[in-house]
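Heads up, upload23.cif below (mmCIF, C-alpha atoms and all ligand atoms):
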data_coords
#
loop_
_atom_site.label_atom_id
_atom_site.label_comp_id
_atom_site.auth_asym_id
_atom_site.auth_seq_id
_atom_site.Cartn_x
_atom_site.Cartn_y
_atom_site.Cartn_z
CA MET A 23 100.01 116.74 78.89
CA SER A 24 96.35 115.92 78.78
CA HIS A 25 95.34 117.53 82.09
CA SER A 26 94.82 121.28 82.13
CA SER A 27 93.21 121.21 85.58
CA LEU A 28 94.02 119.18 88.65
CA LEU A 29 90.35 118.61 89.41
CA GLY A 30 88.72 115.68 87.67
CA MET A 31 86.77 116.63 84.53
CA SER A 32 84.39 113.70 84.22
CA LYS A 33 81.03 113.35 85.96
CA GLU A 34 81.17 109.57 85.47
CA ARG A 35 82.62 107.43 88.26
CA MET A 36 86.09 106.26 87.32
CA THR A 37 86.91 102.61 86.73
CA ALA A 38 90.36 101.01 86.69
CA ASP A 39 89.85 99.98 83.06
CA ASN A 40 90.18 103.53 81.78
CA LYS A 41 93.46 104.14 83.57
CA ARG A 42 96.64 104.35 81.54
CA VAL A 43 100.18 104.62 82.77
CA ILE A 44 100.67 107.92 80.90
CA ASN A 45 98.57 110.17 78.62
CA ASN A 46 95.36 109.63 80.56
CA ASP A 47 92.27 111.20 79.01
CA ARG A 48 89.54 113.23 80.72
CA THR A 49 87.72 110.14 82.02
CA VAL A 50 90.63 109.57 84.43
CA ASP A 51 90.90 111.67 87.58
CA VAL A 52 94.55 112.06 88.63
CA ASN A 53 93.43 112.46 92.26
CA GLN A 54 91.87 109.02 92.56
CA LEU A 55 94.37 106.41 93.70
CA VAL A 56 91.69 103.73 93.81
CA PRO A 57 90.61 101.64 92.04
CA ILE A 58 94.26 100.63 91.63
CA LYS A 59 95.19 99.26 88.23
CA TYR A 60 99.00 99.14 88.44
CA GLN A 61 99.60 96.88 91.45
CA PHE A 62 103.38 96.95 90.97
CA ALA A 63 103.47 100.68 91.76
CA TRP A 64 101.41 100.28 94.93
CA HIS A 65 103.53 97.33 96.12
CA PHE A 66 106.80 99.15 95.47
CA TYR A 67 105.38 102.09 97.42
CA LEU A 68 104.64 99.83 100.41
CA ASP A 69 108.09 98.19 100.15
CA GLY A 70 109.77 101.60 100.07
CA CYS A 71 107.88 102.71 103.20
CA ALA A 72 108.77 99.46 105.03
CA ASN A 73 112.47 100.18 104.35
CA HIS A 74 112.40 103.68 105.84
CA TRP A 75 115.63 104.89 107.46
CA MET A 76 117.38 108.16 108.36
CA PRO A 77 121.12 108.87 107.95
CA THR A 78 121.54 110.51 111.37
CA GLU A 79 120.50 107.27 113.12
CA VAL A 80 123.70 105.67 111.87
CA SER A 81 126.72 106.27 114.09
CA MET A 82 129.76 107.65 112.28
CA GLN A 83 132.02 107.39 115.34
CA ARG A 84 134.20 104.52 114.12
CA ASP A 85 134.41 106.00 110.64
CA ILE A 86 135.65 109.28 112.11
CA GLU A 87 138.33 107.50 114.18
CA GLN A 88 139.46 105.35 111.26
CA TRP A 89 139.53 108.27 108.83
CA LYS A 90 141.54 110.47 111.24
CA ASP A 91 144.13 107.74 111.78
CA PRO A 92 146.99 108.57 109.37
CA LYS A 93 147.62 104.84 108.95
CA GLY A 94 143.92 104.04 108.53
CA PHE A 95 143.94 104.39 104.75
CA THR A 96 146.49 104.54 101.97
CA ASP A 97 146.49 107.60 99.71
CA GLU A 98 144.94 105.51 97.00
CA GLU A 99 142.13 104.33 99.28
CA ARG A 100 141.41 107.92 100.32
CA HIS A 101 141.29 108.89 96.64
CA VAL A 102 138.71 106.18 95.90
CA VAL A 103 136.48 107.11 98.84
CA LYS A 104 136.46 110.77 97.79
CA ARG A 105 135.75 109.95 94.14
CA VAL A 106 132.81 107.74 95.09
CA LEU A 107 131.36 110.36 97.45
CA GLY A 108 131.98 113.03 94.79
CA PHE A 109 129.91 111.14 92.27
CA PHE A 110 127.01 110.36 94.60
CA ALA A 111 126.88 113.76 96.32
CA THR A 112 125.44 115.39 93.19
CA ALA A 113 124.05 112.35 91.32
CA GLU A 114 121.34 111.93 93.97
CA SER A 115 120.27 115.55 93.41
CA LEU A 116 120.22 115.10 89.64
CA VAL A 117 117.96 112.08 90.09
CA GLY A 118 115.65 113.91 92.52
CA ASN A 119 115.33 116.92 90.24
CA ASN A 120 114.72 114.76 87.17
CA LEU A 121 111.99 112.85 89.02
CA VAL A 122 110.14 115.86 90.34
CA LEU A 123 110.55 118.26 87.41
CA ALA A 124 110.44 115.94 84.40
CA VAL A 125 109.17 112.42 85.17
CA TYR A 126 106.37 113.34 87.60
CA ARG A 127 104.80 115.77 85.15
CA CYS A 128 104.65 113.18 82.36
CA VAL A 129 103.62 110.11 84.32
CA ASP A 130 100.05 110.99 85.27
CA ASN A 131 98.78 107.67 86.65
CA PRO A 132 97.92 108.14 90.37
CA GLU A 133 99.43 104.89 91.68
CA CYS A 134 102.68 105.51 89.80
CA ARG A 135 102.71 109.04 91.20
CA GLN A 136 102.21 107.64 94.70
CA TYR A 137 105.43 105.67 94.21
CA LEU A 138 107.21 108.69 92.65
CA LEU A 139 106.35 110.80 95.71
CA ARG A 140 107.88 108.12 97.95
CA GLN A 141 110.93 107.81 95.70
CA ALA A 142 111.44 111.58 95.69
CA PHE A 143 111.59 111.54 99.51
CA GLU A 144 114.08 108.65 99.41
CA GLU A 145 116.29 110.71 97.08
CA ALA A 146 116.17 113.53 99.66
CA ILE A 147 117.33 111.00 102.29
CA HIS A 148 120.17 109.89 100.01
CA ILE A 149 121.25 113.50 99.42
CA HIS A 150 121.15 113.94 103.20
CA ALA A 151 123.24 110.78 103.69
CA PHE A 152 126.11 112.06 101.54
CA GLN A 153 125.99 115.47 103.20
CA TYR A 154 126.15 113.68 106.59
CA ILE A 155 129.06 111.42 105.57
CA VAL A 156 131.08 114.31 104.07
CA GLN A 157 130.47 116.42 107.18
CA SER A 158 131.25 113.59 109.62
CA LEU A 159 134.56 112.78 107.96
CA SER A 160 135.39 116.52 107.77
CA LEU A 161 136.02 116.25 104.05
CA ASP A 162 136.38 119.37 101.94
CA GLU A 163 132.76 120.05 100.94
CA GLY A 164 133.78 122.27 98.04
CA GLU A 165 135.99 119.53 96.64
CA ILE A 166 133.36 116.78 96.93
CA PHE A 167 130.32 118.74 95.74
CA ASN A 168 132.15 120.30 92.77
CA MET A 169 133.65 117.02 91.65
CA TYR A 170 131.02 116.40 89.01
CA ARG A 171 132.05 119.61 87.31
CA GLU A 172 135.79 119.22 87.90
CA VAL A 173 136.44 115.51 87.35
CA GLU A 174 135.92 114.54 83.74
CA ALA A 175 135.02 110.89 84.37
CA ILE A 176 132.16 111.96 86.67
CA TYR A 177 131.01 114.79 84.42
CA LYS A 178 130.79 112.44 81.45
CA LYS A 179 128.58 109.99 83.33
CA ASP A 180 126.19 112.73 84.45
CA GLN A 181 126.15 114.28 81.01
CA HIS A 182 125.35 110.92 79.38
CA ALA A 183 122.48 110.16 81.74
CA MET A 184 121.07 113.69 81.54
CA SER A 185 121.49 114.08 77.77
CA CYS A 186 117.84 113.16 77.30
CA THR A 187 116.41 115.11 80.25
CA ASP A 188 116.35 118.69 78.91
CA SER A 189 113.80 117.82 76.24
CA VAL A 190 111.54 116.25 78.90
CA LEU A 191 111.86 119.37 81.07
CA ASP A 192 110.40 121.30 78.11
CA PRO A 193 106.69 121.88 78.91
CA CYS A 194 105.95 121.65 75.18
CA LEU A 195 106.98 117.99 75.01
CA ASP A 196 104.03 116.10 73.52
CA THR A 197 104.03 112.50 74.74
CA THR A 198 101.03 111.68 72.56
CA THR A 199 103.35 111.62 69.55
CA LYS A 200 105.68 108.69 68.94
CA GLU A 201 108.77 110.94 68.98
CA GLY A 202 107.64 112.68 72.18
CA LEU A 203 107.02 109.38 73.90
CA GLN A 204 110.41 108.03 72.78
CA THR A 205 112.00 111.12 74.31
CA LEU A 206 110.29 110.32 77.62
CA VAL A 207 111.19 106.62 77.50
CA LYS A 208 114.81 107.43 76.77
CA ASN A 209 114.89 109.72 79.82
CA LEU A 210 113.35 106.96 81.95
CA ILE A 211 116.03 104.54 80.73
CA GLY A 212 118.68 107.20 81.45
CA LEU A 213 117.40 107.62 85.00
CA TYR A 214 116.35 104.14 86.09
CA VAL A 215 118.57 101.85 84.02
CA VAL A 216 121.70 103.90 83.32
CA THR A 217 122.03 106.07 86.45
CA GLU A 218 120.40 103.97 89.16
CA GLY A 219 121.04 100.61 87.51
CA ILE A 220 124.62 100.98 86.20
CA PHE A 221 126.36 104.22 87.25
CA PHE A 222 125.62 103.68 90.96
CA TYR A 223 127.15 100.23 91.11
CA GLY A 224 130.86 100.97 90.68
CA GLY A 225 130.55 103.12 93.81
CA PHE A 226 128.37 100.65 95.71
CA VAL A 227 130.68 97.69 95.21
CA THR A 228 133.83 99.70 95.96
CA MET A 229 132.50 101.19 99.21
CA LEU A 230 130.98 97.91 100.38
CA SER A 231 134.38 96.25 99.87
CA PHE A 232 135.69 98.52 102.64
CA GLY A 233 132.69 97.52 104.75
CA ARG A 234 133.53 93.85 104.33
CA GLN A 235 136.83 94.61 106.08
CA ASN A 236 135.02 96.49 108.88
CA ARG A 237 136.27 99.79 107.56
CA LEU A 238 134.01 102.85 107.37
CA PRO A 239 131.14 100.83 108.90
CA GLY A 240 128.75 103.79 109.30
CA THR A 241 129.30 104.98 105.74
CA CYS A 242 128.84 101.44 104.45
CA GLU A 243 125.71 100.86 106.45
CA GLN A 244 124.19 103.92 104.77
CA ILE A 245 125.43 102.81 101.35
CA GLN A 246 123.79 99.47 101.99
CA TYR A 247 120.42 101.11 102.76
CA ILE A 248 120.81 103.28 99.67
CA LEU A 249 121.55 100.22 97.55
CA ARG A 250 118.42 98.52 98.88
CA ASP A 251 116.36 101.63 98.02
CA GLU A 252 117.95 101.98 94.60
CA SER A 253 117.21 98.42 93.65
CA ILE A 254 113.49 99.12 94.24
CA HIS A 255 113.75 102.39 92.28
CA MET A 256 115.25 100.57 89.33
CA ASN A 257 112.71 97.74 89.46
CA PHE A 258 109.85 100.24 89.57
CA GLY A 259 111.39 102.15 86.66
CA ILE A 260 111.73 99.06 84.51
CA GLU A 261 108.10 98.03 85.23
CA LEU A 262 107.02 101.56 84.35
CA ILE A 263 108.99 101.52 81.08
CA ASN A 264 107.59 98.11 80.17
CA ALA A 265 104.03 99.26 80.98
CA ILE A 266 104.47 102.30 78.70
CA ILE A 267 105.75 100.02 75.93
CA ASP A 268 102.86 97.57 76.41
CA GLU A 269 100.30 100.34 76.05
CA ASN A 270 102.18 102.13 73.26
CA PRO A 271 103.99 99.38 71.34
CA GLU A 272 104.78 101.72 68.43
CA VAL A 273 107.47 103.49 70.50
CA TRP A 274 109.56 100.33 70.86
CA ASP A 275 110.41 99.88 67.19
CA GLU A 276 113.58 98.27 65.96
CA SER A 277 115.58 101.44 65.44
CA PHE A 278 114.65 102.75 68.90
CA GLN A 279 115.65 99.43 70.49
CA GLU A 280 118.96 99.68 68.66
CA GLU A 281 119.41 103.24 69.93
CA MET A 282 118.71 102.14 73.53
CA ILE A 283 121.25 99.29 73.28
CA ILE A 284 123.91 101.77 72.14
CA PHE A 285 122.86 104.22 74.88
CA ILE A 286 123.24 101.58 77.61
CA LYS A 287 126.49 100.17 76.17
CA SER A 288 128.00 103.68 76.12
CA ALA A 289 127.09 103.92 79.81
CA VAL A 290 129.03 100.71 80.48
CA THR A 291 132.07 102.23 78.73
CA LEU A 292 131.78 105.46 80.76
CA GLU A 293 131.44 103.50 84.01
CA GLY A 294 134.65 101.65 83.05
CA GLU A 295 136.44 104.99 82.56
CA TYR A 296 135.15 106.22 85.92
CA ILE A 297 136.38 103.04 87.63
CA SER A 298 139.84 103.45 86.06
CA ASP A 299 139.92 107.01 87.36
CA CYS A 300 138.91 105.87 90.87
CA LEU A 301 141.17 102.82 91.07
CA PRO A 302 144.17 103.36 88.82
CA ASN A 303 146.13 100.52 90.44
CA GLY A 304 143.53 98.35 92.14
CA ILE A 305 142.88 97.97 95.88
CA LEU A 306 140.96 95.66 98.24
CA GLY A 307 141.01 92.82 95.73
CA LEU A 308 139.28 95.11 93.26
CA ASN A 309 140.79 96.01 89.95
CA THR A 310 139.43 97.58 86.82
CA ASP A 311 139.03 94.23 85.02
CA VAL A 312 136.91 92.61 87.69
CA LEU A 313 134.79 95.75 88.15
CA ASP A 314 134.33 96.00 84.41
CA GLU A 315 133.12 92.40 84.38
CA TYR A 316 130.63 93.21 87.14
CA ILE A 317 129.24 96.25 85.32
CA LYS A 318 128.81 94.20 82.14
CA TYR A 319 127.08 91.47 84.13
CA LEU A 320 124.68 94.09 85.55
CA ALA A 321 124.07 95.62 82.13
CA ASP A 322 123.10 92.18 80.78
CA ARG A 323 120.57 91.79 83.63
CA ARG A 324 119.10 95.20 82.70
CA PHE A 325 118.93 94.25 78.99
CA GLU A 326 117.10 91.08 79.97
CA LYS A 327 114.50 93.00 81.97
CA LEU A 328 113.93 95.37 79.04
CA LYS A 329 113.51 92.29 76.81
CA LEU A 330 116.57 93.30 74.80
CA PRO A 331 119.34 90.86 73.81
CA GLN A 332 122.20 90.47 76.29
CA GLN A 333 125.37 92.09 74.99
CA TYR A 334 128.26 90.75 77.07
CA GLY A 335 127.70 87.27 78.52
CA ALA A 336 129.64 88.34 81.62
CA SER A 337 129.45 86.46 84.93
CA ASN A 338 129.04 87.90 88.42
CA PRO A 339 132.40 88.29 90.20
CA PHE A 340 130.68 89.58 93.39
CA PRO A 341 127.96 87.12 94.40
CA TRP A 342 127.98 88.71 97.88
CA MET A 343 126.46 91.88 96.34
CA SER A 344 123.20 90.00 95.73
CA GLU A 345 122.95 89.26 99.45
CA VAL A 346 123.26 92.95 100.25
CA ILE A 347 120.57 93.87 97.72
CA ASP A 348 118.18 91.26 99.13
CA LEU A 349 118.90 92.40 102.68
CA LYS A 350 115.90 92.02 104.92
CA LYS A 351 115.38 94.87 107.26
CA GLU A 352 115.67 92.70 110.42
CA LYS A 353 119.29 91.96 109.73
CA ASN A 354 122.01 94.37 108.83
CA PHE A 355 124.60 92.91 106.47
CA PHE A 356 127.44 94.16 108.67
CA GLU A 357 125.58 93.29 111.87
CA THR A 358 125.99 96.76 113.32
CA ARG A 359 122.42 97.44 114.28
CA VAL A 360 118.77 96.70 113.67
CA THR A 361 116.14 99.10 112.37
CA GLU A 362 112.45 98.37 112.58
CA TYR A 363 110.38 101.33 111.53
CA GLN A 364 107.03 99.67 111.31
CA THR A 365 106.93 99.30 115.09
CA GLY A 366 109.81 101.54 116.17
CA GLY A 367 108.22 104.59 114.57
CA ALA A 368 105.13 104.43 116.77
CA LEU A 369 104.58 107.36 119.09
CA GLU A 370 104.64 106.89 122.85
CA TRP A 371 102.14 108.98 124.80
MN MN B 1 119.00 107.63 95.35
FE FE B 2 117.08 106.39 93.37
#
What does the file become when written as structure tokens?
Amino acid sequence: MSHSSLLGMSKERMTADNKRVINNDRTVDVNQLVPIKYQFAWHFYLDGCANHWMPTEVSMQRDIEQWKDPKGFTDEERHVVKRVLGFFATAESLVGNNLVLAVYRCVDNPECRQYLLRQAFEEAIHIHAFQYIVQSLSLDEGEIFNMYREVEAIYKKDQHAMSCTDSVLDPCLDTTTKEGLQTLVKNLIGLYVVTEGIFFYGGFVTMLSFGRQNRLPGTCEQIQYILRDESIHMNFGIELINAIIDENPEVWDESFQEEMIIFIKSAVTLEGEYISDCLPNGILGLNTDVLDEYIKYLADRRFEKLKLPQQYGASNPFPWMSEVIDLKKEKNFFETRVTEYQTGGALEW
């Protein structure tokens, strides 16, 4: 870390030209958002704010009635719902902690930090959402929140994504060295590409398939808002990674690219194992083959954005998922309600 004090060290006025995405020197004051150099970070910050929502505004009434109805769900469907909630309940906390304790410390550009502060709050909202869903459906909290330690397929996903985080938590990590910077970039890929860009999607598509049948509408409405948030998180993360590579091209050498391809492909394999554990026999028109195809399709899109060669050539079996991701805030995909924070949040005196 180049900053030993939070107060700016330079007596010169700062210009955008001196700013770097990480490893800023003493001419850059971490407290000065403007002049903005990295417009993508500022725009993602504004987009995130425009999408603001709170879990408790979503009614869980119909979900509660459906879930209580003994004929509402088959045993297999109940198993899937619990496995998905079990993954997300702790994955959102892992992401939040990684952001605040590891990523935020290393990424010292003020406009990127502005986005990271927004993202960290969104992760708190997502953690809240899963707490609210689990509580509303009267699920066994101990069972759901311990699942990542008790269910191997979930544990392996978390372990894979977090395998590169401990070394970034180490305050001695030196991101001015090539190895140190590669450690950081691998953690960013683990967070934004693997966790938010691959591991979240098996759960998203499975839950939203219930929503398409008007089942668990409150849960699915929240999942849909989370998906919208996560797609911005991932896009910010990929821009951030690409900006680091642009400014430090030495990190992105051939052997590191090869290592990242293997890292992401292993995530695809683990997501396949998790899906098999969730859906041993297939439900709702979903089966492990079609979900596997979807995950490979997503992984190829992520490879493309990282300017790495596509690995699978898979096609998208769920074109309706793109509509959910592009959801405009005026219209809810399931038409249950409308949220408009930019005006609705105004105070009345
Ligand atoms: Mn999240
Ligand atoms: Fe996220």
Counting only C-alpha atoms, what is within 10 Å of Glu34 of chain A, bar same-chain residues fewer than 4 positions away, as an NGL selection string? :A and (30 or 49-50)
- request: Return as a PyMOL selection string every polymer residue, whether protein, DNA or RNA, with at least one atom no more than 6 Å from an atom of ligand FE 2 (chain B); count only C-alpha atoms and all ligand atoms.
  value: chain A and resi 145+218+252+255
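Computed from the coordinates, the atom CA of Phe232 of chain A to atom CA of Glu315 of chain A distance equals 19.4 Å.
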(Q) Taking 5 positions as the minimum chain separation for residues in the same chain, which residues sit within 7 Å of segment 116-120 of chain A when counting all atoms listed in the file? Answer as an NGL selection string. (A) :A and (125 or 142 or 145 or 213)
Show me, as a list in words, the residues that have an atom within 8 Å of Glu295 of chain A when counting all atoms listed in the file, minus same-chain residues fewer than 4 positions from it.
Ala175, Thr291 and Asp299 of chain A
Computed gap from atom CA of Cys128 of chain A to atom CA of Phe222 of chain A is 24.6 Å
The residue from A:Glu163, A:Asp322, A:Glu87, A:Asp196 with the smallest atom-to-atom distance to Ile286 of chain A, counting only C-alpha atoms, is A:Asp322
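When only C-alpha atoms are used to compute distances to Gln136 of chain A, the closest of the residues A:Asn338, A:Ser288, A:Gln54, A:Ser231 turns out to be A:Gln54.
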The distance between atom CA of Val346 of chain A and atom CA of Tyr170 of chain A is 27.1 Å
| said: Show me, as a ChimeraX atom specification, the residues that have an atom within 7 Å of Gly108 of chain A when counting all atoms listed in the file, minus same-chain residues fewer than 5 positions from it. | reply: /A:166-167,169-170
Can you write out the residues you just picked, keeping C-alpha atoms, as a short mmCIF file (atom, residue, chain, number, x, y, z; two decimals), in the coordinates of the input?
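That gives us again.cif:
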data_model
loop_
_atom_site.label_atom_id
_atom_site.label_comp_id
_atom_site.auth_asym_id
_atom_site.auth_seq_id
_atom_site.Cartn_x
_atom_site.Cartn_y
_atom_site.Cartn_z
CA ILE A 166 133.36 116.78 96.93
CA PHE A 167 130.32 118.74 95.74
CA MET A 169 133.65 117.02 91.65
CA TYR A 170 131.02 116.40 89.01
#
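Residues in contact range of Val122 of chain A, defined as at most 12 Å between all atoms listed in the file, with sequence neighbours fewer than 4 positions away removed, read Ser115, Leu116, Val117, Gly118, Tyr126, Arg127, Cys128, Val129, Arg135, Tyr137, Leu138, Leu139, Arg140, Gln141, Ala142, Phe143, Glu145, Ala146, Thr187, Val190 and Leu191 of chain A.
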The selected residues should be written to file as a CSV table (one decimal), in the frame of the given file (atoms: C-alpha atoms).
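Okay, this is what ended up in selection_18.csv:
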chain,number,residue,atom,x,y,z
A,115,SER,CA,120.3,115.6,93.4
A,116,LEU,CA,120.2,115.1,89.6
A,117,VAL,CA,118.0,112.1,90.1
A,118,GLY,CA,115.6,113.9,92.5
A,126,TYR,CA,106.4,113.3,87.6
A,127,ARG,CA,104.8,115.8,85.2
A,128,CYS,CA,104.6,113.2,82.4
A,129,VAL,CA,103.6,110.1,84.3
A,135,ARG,CA,102.7,109.0,91.2
A,137,TYR,CA,105.4,105.7,94.2
A,138,LEU,CA,107.2,108.7,92.6
A,139,LEU,CA,106.4,110.8,95.7
A,140,ARG,CA,107.9,108.1,98.0
A,141,GLN,CA,110.9,107.8,95.7
A,142,ALA,CA,111.4,111.6,95.7
A,143,PHE,CA,111.6,111.5,99.5
A,145,GLU,CA,116.3,110.7,97.1
A,146,ALA,CA,116.2,113.5,99.7
A,187,THR,CA,116.4,115.1,80.2
A,190,VAL,CA,111.5,116.2,78.9
A,191,LEU,CA,111.9,119.4,81.1
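Residue nearest Glu269 of chain A within the list A:Leu107, A:Val312, A:Met76, A:Val43: A:Val43 [criterion: smallest interatomic distance, all atoms listed in the file].
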Counting only C-alpha atoms and all ligand atoms, the residue among A:Pro132, A:Gly70, A:Gly202, A:Pro339 that lies closest to ligand MN 1 (chain B) is A:Gly70
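Using only C-alpha atoms, the nearest neighbour of Phe110 of chain A within the list A:Gly212, A:Gly304, A:Gly225, A:Pro271 is A:Gly225.
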Would you give me, as CSV, each residue of segment 205-316 of chain A having an atom within 10 Å of an atom of segment 178-186 of chain A, along with its shortest atom pair and that distance in Å to one decimal, using all atoms listed in the file and sorting by chain and residue number?
residue,atom,partner,partner_atom,distance
A:Thr205,CA,A:Cys186,CA,6.9
A:Leu206,CA,A:Cys186,CA,8.1
A:Val207,CA,A:Cys186,CA,9.3
A:Lys208,CA,A:Cys186,CA,6.5
A:Asn209,CA,A:Cys186,CA,5.2
A:Leu210,CA,A:Cys186,CA,9.0
A:Ile211,CA,A:Ala183,CA,8.6
A:Gly212,CA,A:Ala183,CA,4.8
A:Leu213,CA,A:Ala183,CA,6.5
A:Tyr214,CA,A:Ala183,CA,9.6
A:Val215,CA,A:Ala183,CA,9.5
A:Val216,CA,A:Ala183,CA,6.5
A:Thr217,CA,A:Ala183,CA,6.3
A:Glu218,CA,A:Ala183,CA,9.9
A:Phe221,CA,A:Lys179,CA,7.3
A:Phe285,CA,A:His182,CA,8.4
A:Ile286,CA,A:Ala183,CA,9.6
A:Ser288,CA,A:His182,CA,8.4
A:Ala289,CA,A:Lys179,CA,7.2
A:Val290,CA,A:Lys179,CA,9.7
A:Thr291,CA,A:Lys179,CA,9.7
A:Leu292,CA,A:Lys179,CA,6.1
A:Glu293,CA,A:Lys179,CA,7.1
A:Glu295,CA,A:Lys179,CA,9.3
A:Tyr296,CA,A:Lys179,CA,8.0
Could the centre and edge lengths of an axis-aligned box, enclosing all atoms of segment 336-339 of chain A in the file with 6 Å extra on each side, be given in Å to one decimal as AutoDock Vina command-line options?
--center_x 130.7 --center_y 87.4 --center_z 85.9 --size_x 15.4 --size_y 13.9 --size_z 20.6
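With distances restricted to only C-alpha atoms and all ligand atoms, A:His148 is the closest residue to ligand MN 1 (chain B) from A:Lys90, A:Lys329, A:Arg171, A:His148.
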